[in-house]
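Accompanying notes for the structure given below.
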Amino acid sequence: MQMAHMPPMAPAPPQLDPAKLAPFVDPLPIPKVAKPIGTRPNAYRIPIQEFHAKIHRDVAPTRFWGYGNSVPGPTIEARSGEAISIEWPNRLPPKHFLPIDHNLMGAEKGLPESRTVVHVHGARVPPASDGWPESWYGPGKSATYRYPNEQEAALLWYHDHAMGINRLNMCAGMAGLYVIRDAFEDSLNLPKGEYEIPLVLMDRMFRADGQLYYPVSQLPDAPWVAEYTGNAVLINGKLLPYLNVQPRKYRLRILNASNARFFFLSLDNGQPFQQIGSDQGLLPAPVAVSRLDIAPGERADVVIDFAEYVGKNILLNNVPSAIMQFRVANEKVADPSALPQTLRPVRRFTESEAILTRRLTLEEFDNLIGEPIAHLLDGKHWHEPISEKPVLGTTEIWELLNTTDDTHPIHLHLVRFQILDRRLLEVSDLVYNEKVVYRGEAFPPEPNERGWKDTVRATAGASTRIIVKFERYTGRYVWHCHILEHEDNEMMRPYEVIAPRHDK
Ligand SMILES: [Cu+2]
């Protein structure tokens with residue numbers, strides 16, 4: 001994805017060039033599954049700390065800040081309906097190693113630099129355990145959150161959400177997977193165990209010495225840049241890994257954990273992915289996808305059958321280059337797993353179920369020479385009064401009116417939703433006259449976007465409508481762009497689910 005105009009960046013130090021590294025020399029690591037503490041089956045403790053890890057055989061260890069001692073952190077395995085608690089002690093050193101911009105909201109001078117707070121993306125949790133961005137804590141402190149897991153099987157993920165420095169903490173490595181399973185999914189006989197492989201994709205820039213690089217603007221007192229995209233793609237923490245596979249079906253659970261990079265994935269043998277799930281769980285039926293587009297924050301659950309590729313190597317490409325290799329073993333094997341024709345029914349909302357439509361703009365504000373200085377949701381800053389107060393138990397349509405040249409992946413905490421449609425806009429009518437004028441007909445979501453979502457690509461210059469039921473908890477949550485540089489610079493707003501008796 002391209003910004004219309006990037007702010008000028010200061011000259012970068014010499015960079016690591018992944019094209020000059022030996023490809024496919026490191027096996028794909030699989031993140032360890034987190035173990036409960038002692039004898040308490042549902043209690044975990046995952047420290048947030050500094051460590052060094054090898055991103056490639058020929059690169060010296062890289063400093064990271066993350067969960068446990070790996071990027072991604074340990075995977076949480078949870079069952080639907082079985083609550084767990086996680087203590088997240090902050091054991092980081094006091095000084096941040098990436099460039100804080102003290103002009104950003106919540107990032108003023110004098111705060112602990114290595115503050116953090118954890119959010120489980122896609123989890124339906126009480127507000128006190130959701131990782132409110134201002135509920136960060138500094139080194140030496142800790143927080144214990146409770147996760148009820150009262151929701152369907154899905155691939156969620158946990159990551160930092162600290163106000164104003166989230167992009168830096170996540171770039172430093174603060175992300176991990178959180179899998180919820182349930183009996184319905186178990187009954188489908190999908191590939192499991194060693195045949196279910198998570199792929200956590202994160203693009204990064206590294207200095208020639210293998211250390212993380214986060215660029216800065218040319219303004220020494222305002223280092224924020226509008227988007228962080230790197231030339232190196234880590235998959236489960238490795239550059240250009242390979243995976244030995246058997247000629248049979250595999251289930252790949254893909255997360256885009258990048259700051260700003262959109263991935264456009266394909267297989268070099270031309271085989272499509274059979275997509276079986278998206279952000280919030282299984283699709284109604286598999287969808288064949290030859291190019292899988294996945295924005296920051298989104299997940300894709302896909303099945304690949306390697307049965308016809310005995311002894312072959314297959315590349316996973318992110319247009320235009322390879323980022324990983326599958327090596328299919330030389331002998332045929334039995335494959336007892338299934339790719340069912342139908343998966344999980346998804347009852348579609350009808351528009352008439354919504355009690356109101358909120359029209360919410362996504363806007364970019366530039367300085368006099370056309371450099372973006374902030375992105376706002378509905379023209380409002382973080383600290384303005386809460387304007388979105390859905391009533392518990394009701395359904396609303398949120399129409400995201402994107403006046404910018406960027407597609408913004410918009411994430412709502414607490415809820416799952418469905419995409420209704422997208423429709424091109426006469427942007428100038430909206431910007432100059434505050435009038436919504438459409439261009440042409442509305443088009444439906446892509447077939448692989450017709451399941452439950454928690455993050456939606458709000459297309460540049462278009463209206464994107466989602467329909468949301470606000471369920472289970474009242475209280476304050478946030479909604480934001482998942483391009484982290486945007487989120488850190490005002491593209492995040494609070495919303496509050498209120499009890500019906502408080503309805504105006
Ligand atoms: Cu954005």
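Following the order of the structure tokens, first chain is A, next is B, and so on, with residues numbered from 1 inside each chain and ligands from 1 in the order they appear.
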Shell of 10 Å around Gln341 of chain A, only C-alpha atoms, local chain residues under 5 positions omitted, as a ChimeraX atom specification: /A:276,284-287
Residue set, segment 73-229 of chain A restricted to helix (DSSP H, G or I), as a VMD selection string: chain A and resid 127 to 129 166 to 171 183 to 186 193 to 195
Please, could you write that set of residues out with N, CA and C atoms as a PDB file, in the first residue's frame?
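Writing done, so here's part-v1.pdb:
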```
ATOM      1  N   PRO A 127     -14.422  -4.839  30.019  1.00  0.00           N
ATOM      2  CA  PRO A 127     -13.547  -3.695  29.718  1.00  0.00           C
ATOM      3  C   PRO A 127     -12.259  -3.689  30.544  1.00  0.00           C
ATOM      4  N   ALA A 128     -12.333  -4.132  31.790  1.00  0.00           N
ATOM      5  CA  ALA A 128     -11.155  -4.074  32.665  1.00  0.00           C
ATOM      6  C   ALA A 128     -10.043  -5.011  32.193  1.00  0.00           C
ATOM      7  N   SER A 129     -10.361  -5.986  31.335  1.00  0.00           N
ATOM      8  CA  SER A 129      -9.348  -6.917  30.836  1.00  0.00           C
ATOM      9  C   SER A 129      -9.038  -6.717  29.359  1.00  0.00           C
ATOM     10  N   ASN A 166       2.405   2.294  20.788  1.00  0.00           N
ATOM     11  CA  ASN A 166       2.007   0.952  20.360  1.00  0.00           C
ATOM     12  C   ASN A 166       2.793   0.493  19.131  1.00  0.00           C
ATOM     13  N   ARG A 167       2.971   1.385  18.164  1.00  0.00           N
ATOM     14  CA  ARG A 167       3.670   0.993  16.925  1.00  0.00           C
ATOM     15  C   ARG A 167       5.104   0.561  17.210  1.00  0.00           C
ATOM     16  N   LEU A 168       5.714   1.202  18.228  1.00  0.00           N
ATOM     17  CA  LEU A 168       7.112   0.883  18.550  1.00  0.00           C
ATOM     18  C   LEU A 168       7.184  -0.431  19.322  1.00  0.00           C
ATOM     19  N   ASN A 169       6.276  -0.601  20.267  1.00  0.00           N
ATOM     20  CA  ASN A 169       6.281  -1.837  21.049  1.00  0.00           C
ATOM     21  C   ASN A 169       5.993  -3.050  20.164  1.00  0.00           C
ATOM     22  N   MET A 170       5.079  -2.889  19.225  1.00  0.00           N
ATOM     23  CA  MET A 170       4.773  -4.028  18.358  1.00  0.00           C
ATOM     24  C   MET A 170       5.894  -4.269  17.359  1.00  0.00           C
ATOM     25  N   CYS A 171       6.495  -3.191  16.861  1.00  0.00           N
ATOM     26  CA  CYS A 171       7.664  -3.367  15.990  1.00  0.00           C
ATOM     27  C   CYS A 171       8.767  -4.103  16.745  1.00  0.00           C
ATOM     28  N   ALA A 183     -16.042 -27.566  20.267  1.00  0.00           N
ATOM     29  CA  ALA A 183     -16.434 -28.918  19.856  1.00  0.00           C
ATOM     30  C   ALA A 183     -16.906 -28.929  18.405  1.00  0.00           C
ATOM     31  N   PHE A 184     -17.570 -27.862  17.973  1.00  0.00           N
ATOM     32  CA  PHE A 184     -18.056 -27.843  16.591  1.00  0.00           C
ATOM     33  C   PHE A 184     -16.884 -27.938  15.616  1.00  0.00           C
ATOM     34  N   GLU A 185     -15.883 -27.109  15.841  1.00  0.00           N
ATOM     35  CA  GLU A 185     -14.717 -27.142  14.954  1.00  0.00           C
ATOM     36  C   GLU A 185     -14.026 -28.503  15.026  1.00  0.00           C
ATOM     37  N   ASP A 186     -13.916 -29.059  16.238  1.00  0.00           N
ATOM     38  CA  ASP A 186     -13.281 -30.376  16.381  1.00  0.00           C
ATOM     39  C   ASP A 186     -13.980 -31.423  15.506  1.00  0.00           C
ATOM     40  N   GLY A 193      -2.946 -30.820  14.936  1.00  0.00           N
ATOM     41  CA  GLY A 193      -1.664 -31.239  15.481  1.00  0.00           C
ATOM     42  C   GLY A 193      -0.525 -30.698  14.619  1.00  0.00           C
ATOM     43  N   GLU A 194       0.391 -31.591  14.227  1.00  0.00           N
ATOM     44  CA  GLU A 194       1.548 -31.115  13.447  1.00  0.00           C
ATOM     45  C   GLU A 194       1.155 -30.687  12.027  1.00  0.00           C
ATOM     46  N   TYR A 195      -0.111 -30.906  11.668  1.00  0.00           N
ATOM     47  CA  TYR A 195      -0.570 -30.500  10.333  1.00  0.00           C
ATOM     48  C   TYR A 195      -1.332 -29.176  10.358  1.00  0.00           C
TER      49      TYR A 195
END
```
Distance filter 10 Å around ligand 1, atoms: only C-alpha atoms and all ligand atoms, out as a PyMOL selection string: chain A and resi 226-227+260+296+362-364+374-377+402+404+406-410+457-458+480-492
Non-local contacts of Tyr145 of chain A (8 Å; only C-alpha atoms; under 3 positions in same chain excluded) as a PyMOL selection string: chain A and resi 85-88+128-130
Residues of segment 79-191 of chain A that have any atom at most 10 Å from an atom of segment 209-219 of chain A: could you tabulate them with the shortest-distance atom pair and the distance in Å to one decimal, using only C-alpha atoms, ordered by chain and increasing number, as JSON lines?
```
{"residue": "A:Phe97", "atom": "CA", "partner": "A:Leu212", "partner_atom": "CA", "distance": 9.2}
{"residue": "A:Leu98", "atom": "CA", "partner": "A:Tyr214", "partner_atom": "CA", "distance": 6.5}
{"residue": "A:Pro99", "atom": "CA", "partner": "A:Val216", "partner_atom": "CA", "distance": 7.2}
{"residue": "A:Ile100", "atom": "CA", "partner": "A:Val216", "partner_atom": "CA", "distance": 9.6}
{"residue": "A:Asp101", "atom": "CA", "partner": "A:Val216", "partner_atom": "CA", "distance": 9.3}
{"residue": "A:Arg167", "atom": "CA", "partner": "A:Tyr214", "partner_atom": "CA", "distance": 9.8}
{"residue": "A:Leu168", "atom": "CA", "partner": "A:Tyr214", "partner_atom": "CA", "distance": 8.0}
{"residue": "A:Cys171", "atom": "CA", "partner": "A:Tyr214", "partner_atom": "CA", "distance": 8.0}
{"residue": "A:Ala172", "atom": "CA", "partner": "A:Leu212", "partner_atom": "CA", "distance": 7.5}
{"residue": "A:Gly173", "atom": "CA", "partner": "A:Leu212", "partner_atom": "CA", "distance": 9.9}
```
Residues from last step as file, all heavy atoms, as a CSV table (one decimal), in the first residue's frame:
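Full text of selection-v8.csv as output:
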```csv
chain,number,residue,atom,x,y,z
A,97,PHE,N,14.2,1.4,23.0
A,97,PHE,CA,15.3,1.4,22.0
A,97,PHE,C,14.8,1.8,20.6
A,97,PHE,O,15.5,1.8,19.6
A,97,PHE,CB,16.0,0.1,21.9
A,97,PHE,CG,15.2,-1.1,21.4
A,97,PHE,CD1,15.4,-1.5,20.1
A,97,PHE,CD2,14.2,-1.8,22.1
A,97,PHE,CE1,14.7,-2.6,19.5
A,97,PHE,CE2,13.5,-2.8,21.6
A,97,PHE,CZ,13.8,-3.3,20.3
A,98,LEU,N,13.5,2.2,20.5
A,98,LEU,CA,13.0,2.7,19.3
A,98,LEU,C,12.5,4.2,19.5
A,98,LEU,O,12.2,4.6,20.7
A,98,LEU,CB,11.8,1.9,18.7
A,98,LEU,CG,12.2,0.4,18.4
A,98,LEU,CD1,11.1,-0.4,17.9
A,98,LEU,CD2,13.4,0.4,17.3
A,99,PRO,N,12.4,5.0,18.4
A,99,PRO,CA,12.3,6.5,18.6
A,99,PRO,C,10.8,6.9,19.0
A,99,PRO,O,9.9,7.0,18.2
A,99,PRO,CB,12.6,7.0,17.3
A,99,PRO,CG,12.3,5.9,16.3
A,99,PRO,CD,12.6,4.6,17.0
A,100,ILE,N,10.7,7.3,20.3
A,100,ILE,CA,9.4,7.8,20.8
A,100,ILE,C,9.2,9.2,20.3
A,100,ILE,O,10.1,10.0,20.2
A,100,ILE,CB,9.4,7.8,22.3
A,100,ILE,CG1,9.4,6.3,22.8
A,100,ILE,CG2,8.1,8.5,22.9
A,100,ILE,CD1,9.4,6.2,24.4
A,101,ASP,N,8.0,9.5,19.8
A,101,ASP,CA,7.6,10.9,19.4
A,101,ASP,C,6.7,11.5,20.6
A,101,ASP,O,5.6,11.1,20.7
A,101,ASP,CB,6.8,10.9,18.1
A,101,ASP,CG,6.6,12.3,17.6
A,101,ASP,OD1,6.4,13.2,18.4
A,101,ASP,OD2,6.5,12.5,16.4
A,167,ARG,N,3.0,1.4,18.2
A,167,ARG,CA,3.7,1.0,16.9
A,167,ARG,C,5.1,0.6,17.2
A,167,ARG,O,5.6,-0.3,16.5
A,167,ARG,CB,3.7,2.2,15.9
A,167,ARG,CG,4.6,3.3,16.3
A,167,ARG,CD,4.3,4.6,15.6
A,167,ARG,NE,5.2,5.7,15.9
A,167,ARG,CZ,5.3,6.3,17.1
A,167,ARG,NH1,4.5,5.9,18.1
A,167,ARG,NH2,6.1,7.3,17.3
A,168,LEU,N,5.7,1.2,18.2
A,168,LEU,CA,7.1,0.9,18.5
A,168,LEU,C,7.2,-0.4,19.3
A,168,LEU,O,8.1,-1.3,19.1
A,168,LEU,CB,7.7,2.0,19.4
A,168,LEU,CG,7.6,3.4,18.7
A,168,LEU,CD1,8.2,4.5,19.7
A,168,LEU,CD2,8.3,3.5,17.4
A,171,CYS,N,6.5,-3.2,16.9
A,171,CYS,CA,7.7,-3.4,16.0
A,171,CYS,C,8.8,-4.1,16.7
A,171,CYS,O,9.5,-4.9,16.2
A,171,CYS,CB,8.2,-2.0,15.5
A,171,CYS,SG,9.6,-2.1,14.4
A,172,ALA,N,8.9,-3.8,18.0
A,172,ALA,CA,9.9,-4.5,18.9
A,172,ALA,C,9.7,-5.9,19.1
A,172,ALA,O,10.6,-6.7,19.5
A,172,ALA,CB,10.0,-3.7,20.2
A,173,GLY,N,8.4,-6.4,18.8
A,173,GLY,CA,8.2,-7.8,18.9
A,173,GLY,C,7.0,-8.3,19.7
A,173,GLY,O,6.8,-9.5,20.0
```
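Taking only C-alpha atoms into account, Val225 of chain A lies nearest to A:Ile373 out of the set A:Leu414, A:Ala338, A:Ile37, A:Ile373.
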Quick one: residues within 9 Å of Gly297 of chain A, only C-alpha atoms counted, chain neighbours fewer than 5 positions away excluded, as an mmCIF file with N, CA, C and O atoms, in the first residue's frame?
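Now in out-v2.cif:
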```cif
data_model
loop_
_atom_site.group_PDB
_atom_site.id
_atom_site.type_symbol
_atom_site.label_atom_id
_atom_site.label_comp_id
_atom_site.auth_asym_id
_atom_site.auth_seq_id
_atom_site.Cartn_x
_atom_site.Cartn_y
_atom_site.Cartn_z
ATOM 1 N N HIS A 121 -6.651 -9.303 20.653
ATOM 2 C CA HIS A 121 -7.403 -8.835 19.487
ATOM 3 C C HIS A 121 -8.455 -9.884 19.116
ATOM 4 O O HIS A 121 -8.132 -11.028 18.831
ATOM 5 N N TRP A 157 -5.279 -12.934 18.578
ATOM 6 C CA TRP A 157 -3.857 -12.689 18.869
ATOM 7 C C TRP A 157 -3.728 -11.611 19.920
ATOM 8 O O TRP A 157 -4.624 -10.796 20.090
ATOM 9 N N LEU A 255 -1.684 -14.858 10.243
ATOM 10 C CA LEU A 255 -1.946 -13.558 10.886
ATOM 11 C C LEU A 255 -1.022 -12.525 10.260
ATOM 12 O O LEU A 255 0.178 -12.761 10.135
ATOM 13 N N ASN A 256 -1.589 -11.398 9.875
ATOM 14 C CA ASN A 256 -0.749 -10.259 9.488
ATOM 15 C C ASN A 256 -0.545 -9.397 10.727
ATOM 16 O O ASN A 256 -1.436 -8.659 11.137
ATOM 17 N N ALA A 257 0.642 -9.514 11.330
ATOM 18 C CA ALA A 257 0.970 -8.749 12.542
ATOM 19 C C ALA A 257 1.892 -7.570 12.227
ATOM 20 O O ALA A 257 2.579 -7.065 13.093
ATOM 21 N N SER A 258 1.891 -7.142 10.954
ATOM 22 C CA SER A 258 2.739 -6.013 10.555
ATOM 23 C C SER A 258 2.172 -4.697 11.068
ATOM 24 O O SER A 258 0.989 -4.591 11.363
ATOM 25 N N ASN A 259 3.037 -3.687 11.115
ATOM 26 C CA ASN A 259 2.570 -2.348 11.468
ATOM 27 C C ASN A 259 1.664 -1.770 10.385
ATOM 28 O O ASN A 259 0.626 -1.185 10.686
ATOM 29 N N ASP A 279 -11.292 -13.628 10.429
ATOM 30 C CA ASP A 279 -10.925 -13.112 11.747
ATOM 31 C C ASP A 279 -11.589 -13.860 12.907
ATOM 32 O O ASP A 279 -10.956 -14.220 13.884
ATOM 33 N N PRO A 409 -7.399 -0.585 7.605
ATOM 34 C CA PRO A 409 -8.034 -1.717 8.272
ATOM 35 C C PRO A 409 -8.591 -1.285 9.630
ATOM 36 O O PRO A 409 -7.833 -0.951 10.546
ATOM 37 N N ILE A 410 -9.915 -1.253 9.727
ATOM 38 C CA ILE A 410 -10.563 -0.719 10.933
ATOM 39 C C ILE A 410 -11.005 -1.873 11.841
ATOM 40 O O ILE A 410 -11.685 -2.793 11.407
ATOM 41 N N HIS A 411 -10.582 -1.783 13.083
ATOM 42 C CA HIS A 411 -10.840 -2.834 14.074
ATOM 43 C C HIS A 411 -11.699 -2.284 15.197
ATOM 44 O O HIS A 411 -11.392 -1.228 15.746
ATOM 45 N N ASP A 454 -13.558 -8.973 12.610
ATOM 46 C CA ASP A 454 -13.360 -7.938 13.626
ATOM 47 C C ASP A 454 -12.496 -6.798 13.105
ATOM 48 O O ASP A 454 -12.258 -5.818 13.801
ATOM 49 N N THR A 455 -12.023 -6.956 11.872
ATOM 50 C CA THR A 455 -11.192 -5.941 11.231
ATOM 51 C C THR A 455 -11.645 -5.889 9.772
ATOM 52 O O THR A 455 -11.756 -6.935 9.129
ATOM 53 N N HIS A 482 -5.826 -0.250 12.129
ATOM 54 C CA HIS A 482 -4.759 -1.169 12.530
ATOM 55 C C HIS A 482 -3.455 -0.916 11.797
ATOM 56 O O HIS A 482 -2.508 -1.705 11.917
ATOM 57 N N ILE A 483 -3.381 0.166 11.038
ATOM 58 C CA ILE A 483 -2.052 0.655 10.634
ATOM 59 C C ILE A 483 -1.552 1.402 11.869
ATOM 60 O O ILE A 483 -2.108 2.425 12.276
#
```
Atom pair atom CA of Pro36 of chain A / atom CA of Asn236 of chain A: separation (Å):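 A separation of 22.1 Å between them.
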Residue neighbourhood segment 469-473 of chain A, 8 Å, only C-alpha atoms, exclusion window fewer than 3 positions, as a PyMOL selection string: chain A and resi 125-127+390-396+415-417+497
Could those selected residues go to a file with N, CA, C and O atoms, as a CSV table (one decimal), in the first residue's frame?
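Once everything was written out, this is out-v6.csv:
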```csv
chain,number,residue,atom,x,y,z
A,125,VAL,N,-14.2,-9.6,26.0
A,125,VAL,CA,-13.8,-9.6,27.4
A,125,VAL,C,-14.4,-8.4,28.1
A,125,VAL,O,-14.7,-7.4,27.4
A,126,PRO,N,-14.5,-8.4,29.4
A,126,PRO,CA,-14.9,-7.2,30.1
A,126,PRO,C,-13.9,-6.1,29.9
A,126,PRO,O,-12.8,-6.3,29.7
A,127,PRO,N,-14.4,-4.8,30.0
A,127,PRO,CA,-13.5,-3.7,29.7
A,127,PRO,C,-12.3,-3.7,30.5
A,127,PRO,O,-11.2,-3.3,30.0
A,390,PRO,N,-23.3,2.8,21.6
A,390,PRO,CA,-24.3,1.8,21.3
A,390,PRO,C,-24.9,1.2,22.5
A,390,PRO,O,-24.3,1.1,23.6
A,391,VAL,N,-26.2,0.8,22.4
A,391,VAL,CA,-26.9,0.2,23.6
A,391,VAL,C,-26.7,-1.3,23.5
A,391,VAL,O,-26.9,-1.9,22.5
A,392,LEU,N,-26.4,-1.8,24.7
A,392,LEU,CA,-26.2,-3.3,24.8
A,392,LEU,C,-27.4,-4.0,24.2
A,392,LEU,O,-28.6,-3.7,24.5
A,393,GLY,N,-27.1,-5.0,23.4
A,393,GLY,CA,-28.1,-5.9,22.8
A,393,GLY,C,-28.7,-5.4,21.5
A,393,GLY,O,-29.5,-6.0,20.9
A,394,THR,N,-28.3,-4.2,21.1
A,394,THR,CA,-28.8,-3.6,19.8
A,394,THR,C,-27.8,-3.8,18.7
A,394,THR,O,-26.6,-4.1,18.9
A,395,THR,N,-28.3,-3.7,17.5
A,395,THR,CA,-27.5,-3.8,16.3
A,395,THR,C,-27.5,-2.5,15.6
A,395,THR,O,-28.5,-1.8,15.5
A,396,GLU,N,-26.3,-2.2,15.1
A,396,GLU,CA,-26.1,-0.9,14.4
A,396,GLU,C,-25.3,-1.2,13.1
A,396,GLU,O,-24.6,-2.1,12.9
A,415,VAL,N,-16.4,-6.7,19.7
A,415,VAL,CA,-17.5,-7.3,18.9
A,415,VAL,C,-17.0,-8.1,17.7
A,415,VAL,O,-15.8,-8.0,17.4
A,416,ARG,N,-17.9,-8.9,17.2
A,416,ARG,CA,-17.7,-9.4,15.8
A,416,ARG,C,-18.8,-8.8,15.0
A,416,ARG,O,-19.8,-8.4,15.5
A,417,PHE,N,-18.5,-8.7,13.7
A,417,PHE,CA,-19.4,-8.0,12.8
A,417,PHE,C,-19.4,-8.7,11.4
A,417,PHE,O,-18.6,-9.6,11.2
A,497,VAL,N,-20.3,1.0,25.2
A,497,VAL,CA,-21.6,0.2,25.2
A,497,VAL,C,-22.3,0.5,26.5
A,497,VAL,O,-21.8,0.4,27.6
```
Residues flagged strand (DSSP E) by DSSP in segment 57-215 of chain A, as a PyMOL selection string: chain A and resi 62-67+76-79+84-87+118-121+144-147+154-160+175-181+196-206+212-213
His119 of chain A environment, 6 Å, only C-alpha atoms, sequence neighbours closer than 3 positions dropped, as a count of residues only: 4
Gap from atom CA of Thr464 of chain A to atom CA of Leu412 of chain A - Å, one decimal: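 That distance, rounded to one decimal, is 14.0 Å.
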Nearest to Ile197 of chain A by atom-to-atom distance, counting only C-alpha atoms, from A:Thr75, A:Asn313, A:Ser290, A:Gln49: A:Thr75
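The environment of Thr350 of chain A within 10 Å, counting only C-alpha atoms and disregarding residues fewer than 3 places along the same chain, consists of Arg347, Glu353, Ala354, Leu420 and Ile467 of chain A.
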For the selection you just gave me, I'd like the residues written to a file as a tab-separated table (two decimals), in the first residue's frame, keeping all heavy atoms.
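Written out: result-v9.tsv:
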```tsv
chain	number	residue	atom	x	y	z
A	347	ARG	N	-25.29	-16.95	10.13
A	347	ARG	CA	-26.56	-16.28	9.85
A	347	ARG	C	-26.29	-14.83	9.47
A	347	ARG	O	-25.67	-14.09	10.23
A	347	ARG	CB	-27.48	-16.31	11.07
A	347	ARG	CG	-28.90	-15.80	10.76
A	347	ARG	CD	-29.77	-15.65	12.02
A	347	ARG	NE	-29.43	-14.50	12.84
A	347	ARG	CZ	-29.84	-13.25	12.59
A	347	ARG	NH1	-30.61	-12.97	11.55
A	347	ARG	NH2	-29.49	-12.24	13.39
A	353	GLU	N	-32.41	-5.18	10.88
A	353	GLU	CA	-32.14	-5.46	12.29
A	353	GLU	C	-31.42	-4.30	12.97
A	353	GLU	O	-31.37	-4.23	14.20
A	353	GLU	CB	-31.29	-6.72	12.42
A	353	GLU	CG	-32.03	-8.00	12.05
A	353	GLU	CD	-31.12	-9.21	12.06
A	353	GLU	OE1	-30.68	-9.62	13.15
A	353	GLU	OE2	-30.84	-9.74	10.97
A	354	ALA	N	-30.84	-3.41	12.19
A	354	ALA	CA	-30.08	-2.30	12.78
A	354	ALA	C	-31.03	-1.19	13.22
A	354	ALA	O	-31.95	-0.83	12.48
A	354	ALA	CB	-29.08	-1.76	11.77
A	420	LEU	N	-21.38	-5.45	5.13
A	420	LEU	CA	-22.57	-5.35	4.26
A	420	LEU	C	-22.16	-5.09	2.81
A	420	LEU	O	-22.53	-5.83	1.91
A	420	LEU	CB	-23.50	-4.23	4.74
A	420	LEU	CG	-24.33	-4.52	5.99
A	420	LEU	CD1	-25.07	-3.26	6.40
A	420	LEU	CD2	-25.33	-5.65	5.72
A	467	ILE	N	-22.19	-4.29	9.84
A	467	ILE	CA	-23.34	-4.39	10.74
A	467	ILE	C	-22.88	-5.15	11.99
A	467	ILE	O	-22.23	-6.19	11.89
A	467	ILE	CB	-24.55	-5.01	10.03
A	467	ILE	CG1	-25.79	-4.99	10.93
A	467	ILE	CG2	-24.26	-6.42	9.51
A	467	ILE	CD1	-27.11	-5.21	10.16
```
